[in-house]
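J.: Below is a structure I'd like to ask you about.
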There are 2 protein chains.
Amino acid sequence: MQKATAEKSDPIAAQLAPVGRETVQDRVYSELRRALIGGLFEPSQVLTIRGLADALMTSTMPVREALGRLITEKALEALPNRSVRVPPITLERMDDLLRARILIEGEAIALAATRMTPRQIATIESMLSEWDEMRALKHKKDVDREVTLNQAFHFEIYRACGSAVLIPMIESLWLQSGPCIRVAIYAFSEAGEVDTAHYHRTIVKAMAAQNAREAREALVADISRPFVFLRNKLEADSKKGIPA
Amino acid sequence: MQKATAEKSDPIAAQLAPVGRETVQDRVYSELRRALIGGLFEPSQVLTIRGLADALMTSTMPVREALGRLITEKALEALPNRSVRVPPITLERMDDLLRARILIEGEAIALAATRMTPRQIATIESMLSEWDEMRALKHKKDVDREVTLNQAFHFEIYRACGSAVLIPMIESLWLQSGPCIRVAIYAFSEAGEVDTAHYHRTIVKAMAAQNAREAREALVADISRPFVFLRNKLEADSKKGIPA
DNA sequence: TCAATGCAAGTGTGATCACAAATCAAATAA
DNA sequence: TTATTTGATTTGTGATCACACTTGCATTGA
């Protein structure tokens, strides 16, 4: 094998990063994930293979496989008509999702509390200040950036839990609650938003002190907020407005 | 629509069950799931699309989509070579899986403890006696049947937890630990098996008493057993035998 | 006017083909 | 004999086609 010998003998090869061979299907899958977590699709919206293929400038093949994967992790829903849609929001489902997230993400942050390196803690601290400066010049409500930064903050912590089993589950949970969260964030914005960064600061403080219990409690408060907010909003709407 | 009117006006339509339209992909996916949970594939075994398609008497298309779905739930592993294999067993992964299963299945059974109907409890009790009579005439070690019955018992309980979010996660966990479990059960058989049904009886008793704490503890003992057994076996092997 | 029928466009599913990358084996050189 | 190379086979990926089912709309009937 000429490649193996080259790697050993050639000193410049050590400076070369291996070029990733990402498939089209992977890119489609990642793109749809990003859109789902960011809440770019509305609940109950139906997606067609050919429509997405056109939008993503590819053929139907990578799209249908990506959709199949998203359906298995419950990020999308397969109707009996064989059409696929993003799952609608119901109160039961929101409670269900929140309970699962408290259980699993709470465990992950408790594990991470005793395993995070100073370097990793410095990373999430820098994210904190990045959050602050975004708030400082909040001329425009950059919801997309807010969502992205929030996700990066949380997963920087979760990655430190050292569990290759829990992390994909958390990703699946974020995928499923993405549409809900987006709706909640919009509701936040129009209802005099509470300081989101405050909760993150509490989390960072607990993580720096390696206090698993406090970290878990702060996390629960953080992720519960949009859910209870949206829940109250939905209940209020159904009481006075349309019951459906 | 003639179908809708027929449903309302025609009395014989009420006796007709809707014919399910299961796709080939669904069948392939279910079949591979069954094989994985049952441990029919060995750890580190590589699977080829065309090989599976031939074995399942279908084309490559349904197989590749089923494989993609199984990869996303970590039931299979995609190598950088783009070939797929069933994940190998490591001590770290086993501990990781067991911890996640204790966390999530423990929560599920605790939820189910206060929600199981008398009818559902009667069902798992009947499974208990079915287990006993299988033990009574254990002329041949029917590992397959043992695995199937064990799965049916646990999921009859989990289904009662009422969470549409937790159950798919538990299925994913069983998918991932399937190969390990199979190895453990074989090891059980050759090492004078402890009474598996005893743990299930304890679980049933706790469920009947709606005692969530006891049910959870009994479940943890039940699912931990094959893992700690296999762990000790692997550690013993690595100490005296091959370190790899 | 309204419901039922029939047609046409759209959609998911499975099969097949083309192509590039990887794997394996025989052949060759040191 | 051992290491290297070369060629053939296998394999995954993406594109395209054929078919069946669904959906939506226009037409027809009462």
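We label chains A, B, ... in the order they appear in the structure tokens, count residues from 1 in each chain, and number ligands from 1 in the order shown.
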With a cut-off of 9 Å and counting only C-alpha atoms, select all residues of chain B in contact with chain A and give the selection as a short mmCIF file (atom, residue, chain, number, x, y, z; two decimals) with N, CA, C and O atoms, in the first residue's frame.
T.:
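Saved to selection-v1.cif:
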```cif
data_model
loop_
_atom_site.label_atom_id
_atom_site.label_comp_id
_atom_site.auth_asym_id
_atom_site.auth_seq_id
_atom_site.Cartn_x
_atom_site.Cartn_y
_atom_site.Cartn_z
N ARG B 21 -50.76 -1.72 5.08
CA ARG B 21 -49.94 -1.67 3.87
C ARG B 21 -48.47 -1.57 4.26
O ARG B 21 -47.84 -0.54 4.09
N ARG B 64 -30.80 -0.89 2.08
CA ARG B 64 -29.91 0.23 2.39
C ARG B 64 -30.64 1.27 3.24
O ARG B 64 -30.02 1.92 4.09
N GLU B 65 -31.95 1.43 3.01
CA GLU B 65 -32.67 2.39 3.83
C GLU B 65 -32.85 1.87 5.25
O GLU B 65 -32.75 2.62 6.22
N ALA B 66 -33.10 0.57 5.38
CA ALA B 66 -33.21 -0.01 6.72
C ALA B 66 -31.88 0.09 7.46
O ALA B 66 -31.85 0.41 8.65
N GLY B 68 -29.59 2.34 7.04
CA GLY B 68 -29.42 3.73 7.43
C GLY B 68 -30.17 4.06 8.70
O GLY B 68 -29.65 4.74 9.60
N ARG B 69 -31.38 3.54 8.80
CA ARG B 69 -32.17 3.79 10.00
C ARG B 69 -31.53 3.15 11.22
O ARG B 69 -31.46 3.75 12.30
N LEU B 70 -31.04 1.93 11.05
CA LEU B 70 -30.41 1.25 12.19
C LEU B 70 -29.12 1.93 12.61
O LEU B 70 -28.75 1.91 13.78
N ILE B 71 -28.43 2.54 11.65
CA ILE B 71 -27.21 3.26 11.99
C ILE B 71 -27.52 4.49 12.83
O ILE B 71 -26.81 4.80 13.78
N THR B 72 -28.58 5.18 12.49
CA THR B 72 -28.89 6.40 13.25
C THR B 72 -29.27 6.08 14.69
O THR B 72 -29.03 6.89 15.58
N GLU B 73 -29.86 4.91 14.93
CA GLU B 73 -30.16 4.58 16.33
C GLU B 73 -29.04 3.78 16.95
O GLU B 73 -29.26 3.12 17.97
N LYS B 74 -27.87 3.83 16.37
CA LYS B 74 -26.66 3.22 16.93
C LYS B 74 -26.78 1.72 17.10
O LYS B 74 -26.05 1.12 17.87
N PRO B 80 -15.51 4.22 8.62
CA PRO B 80 -15.05 5.22 7.65
C PRO B 80 -14.94 4.65 6.24
O PRO B 80 -15.00 5.39 5.27
N ARG B 93 -18.34 0.53 26.77
CA ARG B 93 -19.65 0.59 26.13
C ARG B 93 -20.69 -0.16 26.95
O ARG B 93 -21.84 0.28 27.07
N ASP B 96 -21.62 1.92 29.86
CA ASP B 96 -22.40 3.06 29.35
C ASP B 96 -23.84 2.64 29.07
O ASP B 96 -24.80 3.32 29.48
N LEU B 97 -23.99 1.51 28.40
CA LEU B 97 -25.32 1.02 28.08
C LEU B 97 -26.11 0.68 29.34
O LEU B 97 -27.29 1.04 29.47
N ALA B 100 -27.35 3.79 31.12
CA ALA B 100 -28.49 4.42 30.42
C ALA B 100 -29.75 3.59 30.60
O ALA B 100 -30.84 4.14 30.79
N LEU B 103 -31.18 4.08 34.03
CA LEU B 103 -31.79 5.40 34.12
C LEU B 103 -33.17 5.43 33.47
O LEU B 103 -34.16 5.83 34.09
N ILE B 104 -33.23 4.98 32.23
CA ILE B 104 -34.44 5.18 31.44
C ILE B 104 -35.48 4.10 31.70
O ILE B 104 -36.65 4.39 31.93
N GLU B 107 -36.96 4.60 35.08
CA GLU B 107 -37.99 5.65 35.09
C GLU B 107 -39.28 5.13 34.48
O GLU B 107 -40.38 5.41 34.98
N GLY B 162 -46.85 4.95 29.38
CA GLY B 162 -47.60 6.03 28.74
C GLY B 162 -46.75 7.12 28.13
O GLY B 162 -47.26 8.19 27.83
N SER B 163 -45.47 6.84 27.92
CA SER B 163 -44.61 7.86 27.31
C SER B 163 -44.22 7.45 25.91
O SER B 163 -43.52 6.46 25.69
N ALA B 164 -44.66 8.23 24.93
CA ALA B 164 -44.31 7.95 23.54
C ALA B 164 -42.88 8.36 23.23
O ALA B 164 -42.39 8.08 22.14
N VAL B 165 -42.23 9.02 24.18
CA VAL B 165 -40.85 9.43 23.98
C VAL B 165 -39.89 8.40 24.55
O VAL B 165 -38.87 8.06 23.93
N LEU B 166 -40.20 7.89 25.74
CA LEU B 166 -39.28 6.95 26.39
C LEU B 166 -39.23 5.60 25.69
O LEU B 166 -38.16 4.99 25.59
N PRO B 168 -39.50 4.50 22.47
CA PRO B 168 -38.54 4.32 21.38
C PRO B 168 -37.10 4.34 21.86
O PRO B 168 -36.24 3.67 21.28
N MET B 169 -36.83 5.11 22.89
CA MET B 169 -35.46 5.14 23.42
C MET B 169 -35.09 3.79 24.02
O MET B 169 -33.97 3.32 23.87
N LEU B 173 -32.15 1.20 23.05
CA LEU B 173 -31.18 0.63 24.00
C LEU B 173 -31.13 -0.89 23.90
O LEU B 173 -30.06 -1.49 23.99
#
```
J.: Select residues of chain B: the criterion is any atom within 10 Å of an atom of chain C, counting only C-alpha atoms (C1' of nucleotides); output as a PyMOL selection string.
T.: chain B and resi 1-2+23-25+58-62+81-83
J.: Mind dumping the selected residues with all heavy atoms as a tab-separated table (two decimals), in the first residue's frame?
T.:
```
chain	number	residue	atom	x	y	z
B	1	MET	N	-66.27	10.71	-2.01
B	1	MET	CA	-65.48	9.53	-1.69
B	1	MET	C	-66.38	8.33	-1.37
B	1	MET	O	-67.12	8.34	-0.40
B	1	MET	CB	-64.61	9.83	-0.47
B	1	MET	CG	-63.13	9.69	-0.79
B	1	MET	SD	-62.18	9.85	0.66
B	1	MET	CE	-61.54	11.49	0.48
B	2	GLN	N	-66.30	7.31	-2.15
B	2	GLN	CA	-67.20	6.18	-1.92
B	2	GLN	C	-66.82	5.40	-0.68
B	2	GLN	O	-67.64	4.77	-0.05
B	2	GLN	CB	-67.20	5.25	-3.14
B	2	GLN	CG	-65.95	4.42	-3.34
B	2	GLN	CD	-64.82	5.18	-4.03
B	2	GLN	OE1	-64.85	6.41	-4.08
B	2	GLN	NE2	-63.85	4.47	-4.54
B	23	THR	N	-44.66	-1.84	3.98
B	23	THR	CA	-43.74	-1.81	2.85
B	23	THR	C	-42.65	-2.85	3.04
B	23	THR	O	-42.46	-3.41	4.12
B	23	THR	CB	-43.08	-0.43	2.72
B	23	THR	OG1	-42.26	-0.21	3.87
B	23	THR	CG2	-44.13	0.66	2.64
B	24	VAL	N	-41.96	-3.11	1.96
B	24	VAL	CA	-40.84	-4.06	2.03
B	24	VAL	C	-39.78	-3.53	2.98
B	24	VAL	O	-39.19	-4.28	3.76
B	24	VAL	CB	-40.26	-4.28	0.63
B	24	VAL	CG1	-39.09	-5.25	0.69
B	24	VAL	CG2	-41.32	-4.79	-0.31
B	25	GLN	N	-39.57	-2.23	2.91
B	25	GLN	CA	-38.57	-1.63	3.79
B	25	GLN	C	-38.92	-1.87	5.26
B	25	GLN	O	-38.05	-2.15	6.08
B	25	GLN	CB	-38.49	-0.13	3.51
B	25	GLN	CG	-37.50	0.58	4.38
B	25	GLN	CD	-37.59	2.10	4.24
B	25	GLN	OE1	-37.24	2.83	5.14
B	25	GLN	NE2	-38.05	2.57	3.10
B	58	THR	N	-34.82	-9.75	-1.57
B	58	THR	CA	-35.34	-8.47	-2.06
B	58	THR	C	-34.20	-7.73	-2.75
B	58	THR	O	-33.09	-8.25	-2.86
B	58	THR	CB	-35.93	-7.62	-0.92
B	58	THR	OG1	-36.39	-6.39	-1.45
B	58	THR	CG2	-34.89	-7.36	0.13
B	59	SER	N	-34.48	-6.53	-3.20
B	59	SER	CA	-33.43	-5.77	-3.86
B	59	SER	C	-32.65	-4.96	-2.83
B	59	SER	O	-32.92	-5.00	-1.64
B	59	SER	CB	-34.03	-4.83	-4.90
B	59	SER	OG	-34.55	-3.68	-4.29
B	60	THR	N	-31.67	-4.23	-3.29
B	60	THR	CA	-30.81	-3.50	-2.37
B	60	THR	C	-31.51	-2.29	-1.76
B	60	THR	O	-31.16	-1.86	-0.67
B	60	THR	CB	-29.55	-3.00	-3.08
B	60	THR	OG1	-29.94	-2.07	-4.10
B	60	THR	CG2	-28.80	-4.16	-3.71
B	61	MET	N	-32.50	-1.78	-2.46
B	61	MET	CA	-33.11	-0.52	-2.02
B	61	MET	C	-33.71	-0.55	-0.62
B	61	MET	O	-33.38	0.31	0.20
B	61	MET	CB	-34.15	-0.07	-3.05
B	61	MET	CG	-34.74	1.28	-2.77
B	61	MET	SD	-33.51	2.57	-2.83
B	61	MET	CE	-32.87	2.29	-4.47
B	62	PRO	N	-34.59	-1.50	-0.32
B	62	PRO	CA	-35.14	-1.48	1.04
B	62	PRO	C	-34.07	-1.74	2.09
B	62	PRO	O	-34.15	-1.20	3.20
B	62	PRO	CB	-36.16	-2.63	1.01
B	62	PRO	CG	-36.45	-2.89	-0.41
B	62	PRO	CD	-35.18	-2.57	-1.14
B	81	ASN	N	-14.77	3.34	6.13
B	81	ASN	CA	-14.72	2.69	4.81
B	81	ASN	C	-16.10	2.65	4.15
B	81	ASN	O	-16.23	2.09	3.09
B	81	ASN	CB	-14.23	1.26	4.94
B	81	ASN	CG	-13.13	1.11	5.94
B	81	ASN	OD1	-12.43	2.06	6.23
B	81	ASN	ND2	-12.98	-0.08	6.47
B	82	ARG	N	-17.09	3.15	4.89
B	82	ARG	CA	-18.47	3.10	4.43
B	82	ARG	C	-19.07	1.70	4.52
B	82	ARG	O	-20.15	1.47	4.00
B	82	ARG	CB	-18.61	3.59	2.99
B	82	ARG	CG	-17.93	4.90	2.78
B	82	ARG	CD	-18.80	5.83	2.02
B	82	ARG	NE	-18.27	7.17	2.15
B	82	ARG	CZ	-18.54	8.14	1.32
B	82	ARG	NH1	-19.34	7.90	0.30
B	82	ARG	NH2	-18.08	9.33	1.52
B	83	SER	N	-18.39	0.80	5.11
B	83	SER	CA	-19.03	-0.48	5.36
B	83	SER	C	-19.68	-0.40	6.74
B	83	SER	O	-19.30	0.41	7.57
B	83	SER	CB	-18.01	-1.62	5.30
B	83	SER	OG	-17.00	-1.44	6.27
```
J.: Could you pull out the alpha helix (DSSP H) residues of stretch 11-243 of chain A, going by DSSP on the backbone, and write them as a PyMOL selection string?
T.: chain A and resi 24-37+49-55+60-72+91-113+118-136+143-159+166-190+196-208+212-240
J.: Quick one: which residues from chain D are at most 12 Å off chain A, using only C-alpha atoms (C1' of nucleotides), as number ranges by chain?
T.: D: 3-6, 12-16, 21-23
J.: Taking the DSSP assignment computed from this structure's backbone, write out as an NGL selection string all residues of stretch 40-100 of chain B that belong to strand (DSSP E or B).
T.: :B and (46-47 or 77-78 or 84-85)
J.: Output all heavy atoms of each residue in that selection to a file, as a PDB file, in the first residue's frame.
T.:
```pdb
ATOM      1  N   VAL B  46     -19.470  -7.601   9.949  1.00  0.00           N
ATOM      2  CA  VAL B  46     -19.794  -6.599   8.942  1.00  0.00           C
ATOM      3  C   VAL B  46     -20.949  -7.103   8.088  1.00  0.00           C
ATOM      4  O   VAL B  46     -21.037  -8.287   7.780  1.00  0.00           O
ATOM      5  CB  VAL B  46     -18.579  -6.251   8.055  1.00  0.00           C
ATOM      6  CG1 VAL B  46     -17.389  -5.869   8.910  1.00  0.00           C
ATOM      7  CG2 VAL B  46     -18.240  -7.390   7.133  1.00  0.00           C
ATOM      8  N   LEU B  47     -21.818  -6.187   7.735  1.00  0.00           N
ATOM      9  CA  LEU B  47     -22.986  -6.522   6.925  1.00  0.00           C
ATOM     10  C   LEU B  47     -22.895  -5.791   5.597  1.00  0.00           C
ATOM     11  O   LEU B  47     -22.549  -4.609   5.548  1.00  0.00           O
ATOM     12  CB  LEU B  47     -24.266  -6.105   7.662  1.00  0.00           C
ATOM     13  CG  LEU B  47     -24.434  -6.670   9.080  1.00  0.00           C
ATOM     14  CD1 LEU B  47     -25.685  -6.115   9.723  1.00  0.00           C
ATOM     15  CD2 LEU B  47     -24.465  -8.176   9.046  1.00  0.00           C
ATOM     16  N   GLU B  77     -23.084   0.304  13.087  1.00  0.00           N
ATOM     17  CA  GLU B  77     -22.013   1.291  13.113  1.00  0.00           C
ATOM     18  C   GLU B  77     -21.498   1.489  11.699  1.00  0.00           C
ATOM     19  O   GLU B  77     -21.260   0.515  10.988  1.00  0.00           O
ATOM     20  CB  GLU B  77     -20.905   0.763  14.027  1.00  0.00           C
ATOM     21  CG  GLU B  77     -19.865   1.759  14.419  1.00  0.00           C
ATOM     22  CD  GLU B  77     -18.826   1.113  15.319  1.00  0.00           C
ATOM     23  OE1 GLU B  77     -18.626  -0.115  15.171  1.00  0.00           O
ATOM     24  OE2 GLU B  77     -18.236   1.805  16.143  1.00  0.00           O
ATOM     25  N   ALA B  78     -21.348   2.716  11.275  1.00  0.00           N
ATOM     26  CA  ALA B  78     -20.817   3.008   9.944  1.00  0.00           C
ATOM     27  C   ALA B  78     -19.328   3.251  10.044  1.00  0.00           C
ATOM     28  O   ALA B  78     -18.888   4.217  10.668  1.00  0.00           O
ATOM     29  CB  ALA B  78     -21.534   4.218   9.352  1.00  0.00           C
ATOM     30  N   VAL B  84     -20.664  -1.241   6.979  1.00  0.00           N
ATOM     31  CA  VAL B  84     -21.385  -1.172   8.249  1.00  0.00           C
ATOM     32  C   VAL B  84     -21.218  -2.496   8.982  1.00  0.00           C
ATOM     33  O   VAL B  84     -21.198  -3.565   8.378  1.00  0.00           O
ATOM     34  CB  VAL B  84     -22.884  -0.829   8.035  1.00  0.00           C
ATOM     35  CG1 VAL B  84     -23.181  -0.614   6.574  1.00  0.00           C
ATOM     36  CG2 VAL B  84     -23.789  -1.868   8.618  1.00  0.00           C
ATOM     37  N   ARG B  85     -21.086  -2.407  10.290  1.00  0.00           N
ATOM     38  CA  ARG B  85     -20.912  -3.598  11.105  1.00  0.00           C
ATOM     39  C   ARG B  85     -21.714  -3.445  12.376  1.00  0.00           C
ATOM     40  O   ARG B  85     -22.131  -2.339  12.744  1.00  0.00           O
ATOM     41  CB  ARG B  85     -19.444  -3.795  11.463  1.00  0.00           C
ATOM     42  CG  ARG B  85     -18.911  -2.737  12.407  1.00  0.00           C
ATOM     43  CD  ARG B  85     -17.523  -3.076  12.918  1.00  0.00           C
ATOM     44  NE  ARG B  85     -17.026  -2.026  13.806  1.00  0.00           N
ATOM     45  CZ  ARG B  85     -15.801  -2.006  14.303  1.00  0.00           C
ATOM     46  NH1 ARG B  85     -14.947  -2.955  13.993  1.00  0.00           N
ATOM     47  NH2 ARG B  85     -15.413  -1.032  15.105  1.00  0.00           N
TER      48      ARG B  85
END
```
J.: Using only C-alpha atoms (C1' of nucleotides), determine which residues lie at most 7 Å from A:Ile37, disregarding the query and same-chain residues fewer than 6 positions distant; provide the list as a short mmCIF file (atom, residue, chain, number, x, y, z; two decimals) with N, CA and C atoms, in the first residue's frame.
T.:
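Now in part.cif:
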```cif
data_model
loop_
_atom_site.label_atom_id
_atom_site.label_comp_id
_atom_site.auth_asym_id
_atom_site.auth_seq_id
_atom_site.Cartn_x
_atom_site.Cartn_y
_atom_site.Cartn_z
N TRP A 174 -33.62 16.88 21.35
CA TRP A 174 -33.59 18.25 20.82
C TRP A 174 -34.27 18.31 19.47
N LEU A 175 -34.04 17.28 18.66
CA LEU A 175 -34.70 17.21 17.36
C LEU A 175 -36.21 17.22 17.53
N GLY A 178 -37.43 20.64 18.97
CA GLY A 178 -37.06 21.83 18.21
C GLY A 178 -38.24 22.71 17.82
N PRO A 179 -39.24 22.14 17.16
CA PRO A 179 -40.38 22.97 16.76
C PRO A 179 -41.07 23.65 17.94
#
```
J.: Measure the distance from atom CA of B:Arg115 to atom CA of B:Val204 in Å and round it to one decimal.
T.: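 A separation of 13.6 Å between them.
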J.: For stretch 122-128 of chain B, list every protein, DNA or RNA residue within 8 Å, evaluated using only C-alpha atoms (C1' of nucleotides), and leave out those in the same chain fewer than 4 positions away; present the list as a PyMOL selection string.
T.: chain B and resi 118+132+149+153+156-157+197+200-201+204
J.: Please measure the separation of atom CA of B:Ala187 and atom CA of B:Arg231, giving the value in Å to one decimal.
T.: 11.1 Å
